[in-house]
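Q: Just so it is clear, I am handing over upload06.txt, which has compact mmCIF, C-alpha atoms.
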# COMPACT_ATOMS: atom_id res chain seq x y z
CA VAL A 271 0.00 0.00 0.00
CA ASN A 272 1.22 3.45 -0.92
CA ASP A 273 0.68 5.21 2.41
CA GLU A 274 1.95 8.52 1.07
CA LEU A 275 -0.55 8.56 -1.77
CA VAL A 276 -3.39 7.57 0.58
CA GLY A 277 -2.40 10.44 2.87
CA TYR A 278 -2.17 12.93 0.02
CA VAL A 279 -5.53 11.99 -1.46
CA LEU A 280 -7.13 12.17 2.00
CA GLN A 281 -5.86 15.72 2.44
CA LEU A 282 -7.48 16.83 -0.79
CA GLY A 283 -10.68 14.95 -0.02
CA ASP A 284 -10.95 16.34 3.50
CA ASP A 285 -10.50 19.92 2.28
CA ALA A 286 -13.40 19.45 -0.12
CA LEU A 287 -15.61 17.58 2.38
CA VAL A 288 -15.23 20.08 5.20
CA LEU A 289 -15.80 23.16 3.04
CA SER A 290 -18.80 21.44 1.50
CA GLN A 291 -20.25 20.85 4.96
CA ARG A 292 -19.67 24.50 5.90
CA LEU A 293 -21.34 25.83 2.75
CA ALA A 294 -24.30 23.50 3.22
CA GLU A 295 -25.03 25.36 6.47
CA TRP A 296 -26.16 28.30 4.32
CA CYS A 297 -28.94 26.26 2.76
CA THR A 298 -32.21 28.22 3.39
CA HIS A 299 -30.21 31.01 5.14
CA ALA A 300 -28.53 32.87 2.26
CA PRO A 301 -29.40 36.55 1.62
CA GLU A 302 -31.32 35.82 -1.58
CA ILE A 303 -32.69 32.73 -3.28
CA GLU A 304 -30.22 32.69 -6.21
CA GLU A 305 -27.36 32.83 -3.74
CA ASP A 306 -28.92 30.14 -1.60
CA ILE A 307 -28.95 27.82 -4.59
CA ALA A 308 -25.50 28.94 -5.73
CA LEU A 309 -23.89 28.18 -2.37
CA ALA A 310 -25.63 24.81 -2.20
CA ASN A 311 -24.44 24.08 -5.75
CA ILE A 312 -20.86 24.90 -4.84
CA ALA A 313 -21.23 22.71 -1.74
CA LEU A 314 -22.46 19.85 -3.93
CA ASP A 315 -19.58 20.27 -6.39
CA LEU A 316 -17.16 20.04 -3.46
CA LEU A 317 -19.03 17.05 -2.06
CA GLY A 318 -18.66 15.34 -5.44
CA GLN A 319 -14.91 16.00 -5.34
CA ALA A 320 -14.76 14.68 -1.78
CA ARG A 321 -16.64 11.53 -2.73
CA ASN A 322 -14.28 10.80 -5.64
CA LEU A 323 -11.19 11.48 -3.56
CA LEU A 324 -12.27 9.62 -0.41
CA SER A 325 -13.44 6.62 -2.44
CA TYR A 326 -10.07 6.56 -4.17
CA ALA A 327 -8.21 6.88 -0.84
CA GLY A 328 -10.24 3.96 0.53
CA GLU A 329 -9.50 1.89 -2.55
CA LEU A 330 -5.75 2.60 -2.29
CA GLU A 331 -5.79 1.83 1.40
CA GLY A 332 -7.28 -1.56 0.65
CA THR A 333 -8.75 -2.26 4.08
CA GLY A 334 -12.35 -2.02 2.96
CA ARG A 335 -13.04 1.52 4.13
CA GLY A 336 -15.19 3.37 1.64
CA GLU A 337 -16.14 7.03 1.29
CA ASP A 338 -18.80 6.74 4.01
CA GLU A 339 -16.48 5.19 6.62
CA LEU A 340 -13.86 7.81 5.88
CA ALA A 341 -16.32 10.69 6.12
CA TYR A 342 -18.43 9.50 9.00
CA SER A 343 -16.30 7.24 11.17
CA ARG A 344 -13.02 9.07 11.58
CA ASP A 345 -12.42 11.24 14.62
CA GLU A 346 -11.52 14.91 14.43
CA ARG A 347 -7.79 14.30 14.79
CA GLU A 348 -7.82 11.98 11.78
CA PHE A 349 -9.06 14.70 9.42
CA ARG A 350 -6.30 16.25 7.34
CA ASN A 351 -8.00 19.39 6.01
CA VAL A 352 -6.46 22.83 6.29
CA LEU A 353 -7.81 25.14 8.99
CA LEU A 354 -9.13 27.67 6.45
CA VAL A 355 -11.98 25.44 5.25
CA GLU A 356 -13.26 24.65 8.75
CA GLN A 357 -13.51 28.31 9.79
CA PRO A 358 -17.10 29.21 10.71
CA ASN A 359 -19.23 30.85 8.04
CA GLY A 360 -19.48 34.10 9.99
CA ASP A 361 -21.39 36.71 8.00
CA PHE A 362 -21.80 36.56 4.22
CA ALA A 363 -18.54 38.44 3.68
CA VAL A 364 -16.57 35.84 5.63
CA THR A 365 -18.09 33.03 3.57
CA ILE A 366 -17.36 34.79 0.28
CA VAL A 367 -13.80 35.81 1.14
CA ARG A 368 -13.04 32.29 2.39
CA GLN A 369 -14.36 30.96 -0.92
CA LEU A 370 -12.27 33.40 -2.94
CA LEU A 371 -9.08 32.50 -1.09
CA PHE A 372 -9.69 28.75 -1.23
CA SER A 373 -11.09 28.51 -4.77
CA ALA A 374 -8.12 30.46 -6.11
CA TYR A 375 -5.89 27.84 -4.46
CA GLN A 376 -7.94 24.97 -5.90
CA VAL A 377 -7.81 26.52 -9.39
CA GLU A 378 -4.00 26.53 -9.30
CA LEU A 379 -3.84 23.08 -7.68
CA TYR A 380 -6.20 21.23 -10.00
CA ALA A 381 -4.75 22.84 -13.13
CA ARG A 382 -1.42 21.19 -12.26
CA LEU A 383 -2.80 18.00 -10.75
CA GLY A 384 -4.65 17.37 -14.00
CA ARG A 385 -1.22 16.41 -15.37
CA SER A 386 -0.39 14.05 -12.50
CA LYS A 387 1.10 10.74 -13.55
CA ASP A 388 -1.50 9.09 -11.35
CA GLY A 389 -4.33 8.65 -13.86
CA MET A 390 -7.11 8.62 -11.29
CA LEU A 391 -5.94 11.83 -9.61
CA ALA A 392 -5.48 13.44 -13.01
CA GLY A 393 -9.02 12.49 -14.02
CA ILE A 394 -10.62 13.71 -10.81
CA SER A 395 -8.67 16.95 -11.06
CA ALA A 396 -9.56 17.62 -14.69
CA LYS A 397 -13.23 17.37 -13.81
CA ALA A 398 -12.88 19.43 -10.63
CA ALA A 399 -10.94 22.16 -12.47
CA LYS A 400 -14.07 23.18 -14.38
CA GLU A 401 -16.07 23.35 -11.16
CA VAL A 402 -13.61 25.42 -9.17
CA ALA A 403 -13.15 27.88 -12.06
CA TYR A 404 -16.83 28.72 -11.63
CA HIS A 405 -16.56 28.85 -7.82
CA LEU A 406 -13.78 31.41 -8.16
CA ASP A 407 -15.75 33.50 -10.66
CA HIS A 408 -18.71 33.48 -8.33
CA ALA A 409 -16.66 34.49 -5.29
CA ARG A 410 -14.88 37.17 -7.30
CA GLU A 411 -18.10 38.82 -8.44
CA TRP A 412 -19.35 38.99 -4.85
CA THR A 413 -16.01 40.16 -3.49
CA LEU A 414 -16.10 42.98 -6.00
CA ARG A 415 -19.61 43.98 -4.93
CA LEU A 416 -18.89 43.76 -1.23
CA GLY A 417 -15.47 45.41 -1.35
CA ASP A 418 -16.42 48.14 -3.80
CA GLY A 419 -20.00 48.44 -2.53
CA THR A 420 -21.19 50.46 0.45
CA ASP A 421 -19.06 51.59 3.40
CA GLU A 422 -20.65 48.84 5.47
CA SER A 423 -20.08 46.04 2.93
CA HIS A 424 -16.51 47.24 2.36
CA GLY A 425 -15.84 47.25 6.09
CA LYS A 426 -17.22 43.75 6.54
CA ALA A 427 -15.28 42.38 3.59
CA GLN A 428 -12.04 43.90 4.91
CA VAL A 429 -12.66 42.49 8.40
CA ALA A 430 -13.32 39.06 6.85
CA LEU A 431 -10.13 39.27 4.80
CA ASP A 432 -8.04 40.34 7.81
CA ARG A 433 -9.48 37.48 9.85
CA LEU A 434 -8.95 34.75 7.22
CA TRP A 435 -5.67 35.83 5.63
CA PRO A 436 -3.45 34.19 8.30
CA TYR A 437 -5.04 30.81 7.50
CA THR A 438 -3.97 31.00 3.85
CA HIS A 439 -0.32 30.35 4.72
CA GLU A 440 -1.07 26.76 5.66
CA LEU A 441 -2.21 26.08 2.08
CA PHE A 442 1.33 26.59 0.84
CA GLU A 443 3.38 24.94 3.56
CA PRO A 444 5.96 22.36 2.48
CA ASP A 445 4.39 18.90 2.63
CA ARG A 446 6.58 15.89 3.42
CA LEU A 447 4.21 13.59 1.47
CA VAL A 448 4.74 15.53 -1.74
CA ALA A 449 8.49 14.94 -1.77
CA LEU A 450 7.75 11.20 -1.68
CA LEU A 451 5.33 11.40 -4.60
CA PRO A 452 7.30 13.06 -7.43
CA GLY A 453 5.25 13.60 -10.58
CA THR A 454 2.10 12.51 -8.78
CA ALA A 455 1.52 15.20 -6.15
CA ILE A 456 1.89 18.97 -6.48
CA ASP A 457 4.27 20.90 -4.25
CA PRO A 458 2.05 23.43 -2.47
CA VAL A 459 5.00 25.81 -2.09
CA GLU A 460 4.97 26.36 -5.86
CA LEU A 461 1.32 27.40 -5.81
CA ARG A 462 1.78 30.41 -3.57
CA GLU A 463 3.14 32.78 -6.20
CA PRO A 464 0.50 32.21 -8.91
CA TRP A 465 -2.19 32.19 -6.20
CA LEU A 466 -0.97 35.49 -4.80
CA ARG A 467 -0.90 37.10 -8.24
CA ARG A 468 -4.47 36.02 -8.88
CA VAL A 469 -5.79 36.97 -5.43
CA SER A 470 -3.95 40.31 -5.24
CA SER A 471 -5.47 41.55 -8.47
CA MET A 472 -8.96 40.50 -7.35
CA LEU A 473 -8.52 42.24 -4.01
CA SER A 474 -7.28 45.48 -5.49
CA GLU A 475 -10.11 45.41 -8.03
CA ALA A 476 -12.46 45.14 -5.03
CA THR A 477 -10.64 48.03 -3.28
CA LEU A 478 -9.62 45.70 -0.43
CA GLU A 479 -6.27 45.92 1.25
CA GLN A 480 -4.11 42.82 1.27
CA PRO A 481 -3.26 42.08 4.92
CA ALA A 482 0.32 41.81 6.15
CA ASP A 483 1.83 38.33 6.46
CA ASP A 484 2.40 37.76 10.14
CA TRP A 485 0.51 35.15 12.20
CA ARG A 486 0.57 31.71 10.55
CA PRO A 487 -1.81 29.29 12.26
CA SER A 488 -1.19 25.72 11.15
CA GLY A 489 -1.68 22.08 12.08
CA GLY A 490 -4.69 20.94 10.06
CA ARG A 491 -2.64 18.59 7.88
CA ALA A 492 -1.45 16.91 11.09
CA GLY A 493 -4.97 16.63 12.51
CA ARG A 494 -4.73 19.56 14.94
CA HIS A 495 -7.82 21.61 14.30
CA THR A 496 -9.45 24.77 15.60
CA GLU A 497 -12.31 24.74 18.08
CA ALA A 498 -14.88 25.12 15.31
CA MET A 499 -13.97 21.74 13.80
CA GLY A 500 -15.42 19.62 16.60
CA TYR A 501 -18.89 21.10 16.16
CA LEU A 502 -18.72 20.62 12.41
CA ILE A 503 -17.70 16.97 12.75
CA ALA A 504 -20.43 16.35 15.32
CA GLU A 505 -23.07 17.65 12.94
CA LEU A 506 -21.57 15.82 9.95
CA GLN A 507 -21.37 12.47 11.72
CA HIS A 508 -24.25 12.53 14.16
CA LEU A 509 -26.73 10.56 12.07
CA HIS A 510 -24.29 7.87 10.99
CA ARG A 511 -22.97 7.40 14.51
CA SER A 512 -26.45 7.25 16.05
CA HIS A 513 -27.73 4.82 13.43
CA PRO A 514 -24.73 2.93 12.04
CA GLY A 515 -25.26 1.76 8.48
CA VAL A 516 -28.61 3.46 8.15
CA ALA A 517 -29.84 3.69 4.55
CA TRP A 518 -31.79 6.54 2.98
CA MET B 7 -41.68 41.18 -37.71
CA ALA B 8 -39.59 39.41 -35.07
CA LEU B 9 -42.68 38.82 -32.96
CA GLN B 10 -44.55 37.35 -35.89
CA GLY B 11 -41.57 35.28 -37.01
CA ALA B 12 -41.18 33.87 -33.51
CA ARG B 13 -44.87 33.15 -33.34
CA ASP B 14 -44.74 31.25 -36.63
CA VAL B 15 -41.57 29.31 -35.92
CA TYR B 16 -41.70 28.58 -32.20
CA THR B 17 -45.34 28.36 -31.17
CA ARG B 18 -46.65 26.01 -33.84
CA ARG B 19 -46.86 23.09 -31.43
CA ASN B 20 -48.53 25.00 -28.67
CA GLU B 21 -45.30 25.68 -26.76
CA GLY B 22 -45.67 29.42 -26.28
CA VAL B 23 -47.71 31.69 -24.04
CA SER B 24 -45.66 34.87 -24.48
CA ILE B 25 -42.97 36.19 -26.84
CA TRP B 26 -40.32 38.77 -25.94
CA VAL B 27 -38.17 40.60 -28.47
CA ALA B 28 -34.86 42.20 -27.53
CA ALA B 29 -32.18 43.80 -29.70
CA SER B 30 -29.16 41.49 -29.87
CA VAL B 31 -26.85 44.31 -28.70
CA ASP B 32 -28.83 44.42 -25.44
CA ILE B 33 -28.31 40.74 -24.68
CA THR B 34 -25.58 39.72 -22.26
CA ALA B 35 -24.65 36.14 -23.05
CA SER B 36 -22.11 33.69 -21.71
CA SER B 37 -19.09 33.05 -23.88
CA PRO B 38 -18.83 29.67 -25.64
CA ASP B 39 -15.34 29.49 -24.07
CA GLU B 40 -16.97 29.26 -20.66
CA LYS B 41 -19.16 26.36 -21.70
CA ASP B 42 -17.25 23.73 -19.72
CA GLN B 43 -17.14 25.53 -16.40
CA LEU B 44 -20.74 26.70 -16.65
CA PHE B 45 -22.51 23.57 -17.80
CA ASP B 46 -20.38 20.43 -17.41
CA PRO B 47 -20.56 20.24 -13.60
CA ALA B 48 -24.30 19.56 -13.80
CA ALA B 49 -23.84 16.59 -16.10
CA ASP B 50 -23.33 13.94 -13.41
CA LYS B 51 -25.80 15.19 -10.82
CA VAL B 52 -28.82 13.09 -11.68
CA TYR B 53 -30.13 13.44 -8.14
CA ARG B 54 -31.21 16.97 -9.06
CA HIS B 55 -33.87 15.62 -11.36
CA PRO B 56 -37.11 15.08 -9.46
CA THR B 57 -37.42 11.51 -10.68
CA PHE B 58 -36.59 9.68 -7.49
CA TYR B 59 -39.92 10.14 -5.76
CA GLU B 60 -42.54 7.49 -6.05
CA VAL B 61 -45.94 9.05 -6.44
CA PRO B 62 -48.44 7.13 -4.33
CA GLU B 63 -51.46 5.80 -6.13
CA GLY B 64 -54.47 8.02 -5.89
CA VAL B 65 -52.57 11.32 -5.96
CA GLU B 66 -54.28 13.55 -8.47
CA HIS B 67 -53.17 16.61 -10.42
CA LEU B 68 -49.53 15.56 -10.78
I'd like the structure from this file rewritten - as structure tokens, please.
A:
Amino acid sequence: VNDELVGYVLQLGDDALVLSQRLAEWCTHAPEIEEDIALANIALDLLGQARNLLSYAGELEGTGRGEDELAYSRDEREFRNVLLVEQPNGDFAVTIVRQLLFSAYQVELYARLGRSKDGMLAGISAKAAKEVAYHLDHAREWTLRLGDGTDESHGKAQVALDRLWPYTHELFEPDRLVALLPGTAIDPVELREPWLRRVSSMLSEATLEQPADDWRPSGGRAGRHTEAMGYLIAELQHLHRSHPGVAW
Amino acid sequence: MALQGARDVYTRRNEGVSIWVAASVDITASSPDEKDQLFDPAADKVYRHPTFYEVPEGVEHL
């Protein structure tokens, strides 16, 4: 069994699963009906990515764990997602800025991972690349309207950006798994520069100020999560844990 | 003319209840280049079609 590849695929799958769960919380709560459906659609795209990735991780692992076991039966410390995606939705600006920052990362990641020498990862990525391109467009349009909107929307968008920016550093930390998977995995360090170019231009277009790089919270890839994660996992797993194996 | 043309071409089989005419310069359309990112993601989401509900016998007006 290729433990490194299992670990790498789990990281990608957990990022998608956890952000999907967060976005699903907006369902019936978004500011307008088109946005309600849009956020749920983005959540479903991410859930589709998570399903593909977790199924593949389970297959590689070869111990009979499928997507459901991986999603619903692991404890918090076994999740390998970055801290950014588990951050609470906050107000609408927080949700949109989080999406902008993360989708821009996924756009750069999947564009490169589509050329992975692992055929399965390449296939999943090529499909996901189309989805995340739309997610980024959607987040960009809203960021523009919030940032360059009213004084209040600008203020909220800037507060959201200042709050979330520190969590972006973890996306680009060196990953020991990647060094062991040459040609298969993508070095996150390489993604920072193209990501920053993309994000900086979107922020300045939205009249938002790019925060300084200082605090760098980290630990998600090692299973050390923020307080918000426990509540998310509880909600995600409650049904399956209360009624193991329950069918729809 | 456009109204009448549309009426003749598109409502022959009883499809139409209203026809709108707009100048093409006033239409904002998606670019064909964006076709993949706009429309492909929906292709594999069959669960969005409302075909998974069994309608109980005796339900009328459905």
Q: Give as a compact mmCIF listing (two decimals) with C-alpha atoms, in the coordinates of the input every residue of chain B that touches chain A within 10 Å, counting all atoms listed in the file.
A:
# COMPACT_ATOMS: atom_id res chain seq x y z
CA GLU B 40 -16.97 29.26 -20.66
CA LYS B 41 -19.16 26.36 -21.70
CA ASP B 42 -17.25 23.73 -19.72
CA GLN B 43 -17.14 25.53 -16.40
CA LEU B 44 -20.74 26.70 -16.65
CA PHE B 45 -22.51 23.57 -17.80
CA ASP B 46 -20.38 20.43 -17.41
CA PRO B 47 -20.56 20.24 -13.60
CA ALA B 48 -24.30 19.56 -13.80
CA ASP B 50 -23.33 13.94 -13.41
CA LYS B 51 -25.80 15.19 -10.82
Q: One decimal, in Å: what's the spacing between CA of Cys297 (chain A) and CA of Ala310 (chain A)?
A: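 So the answer is 6.1 Å.
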Q: Which one of A:Trp465, A:Tyr437, A:Tyr326, A:Trp296 sits closest to Asp361 (chain A) if you count all atoms listed in the file?
A: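 For Asp361 (chain A), the nearest of the candidates is A:Trp296.
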Q: Please, what distance in Å, to one decimal, runs between CA of Leu406 (chain A) and CA of Ala320 (chain A)?
A: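 We find that CA of Leu406 (chain A) and CA of Ala320 (chain A) lie 17.9 Å from each other.
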Q: Please measure the separation of CA of Pro436 (chain A) and CA of Arg486 (chain A), giving the value in Å to one decimal.
A: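 It comes out at 5.2 Å.
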Q: Rank nothing, just name the residue among A:Leu447, A:Ala409, A:Leu379, A:Ala294 nearest to Ala396 (chain A), using only C-alpha atoms.
A: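 Nearest candidate to Ala396 (chain A) out of A:Leu447, A:Ala409, A:Leu379, A:Ala294: A:Leu379.
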Q: Using all atoms listed in the file, give me every residue within 9 Å of (-12.2, 33.6, -4.2) in file coordinates, as number ranges by chain.
A: A: 366-375, 405-413, 469, 472
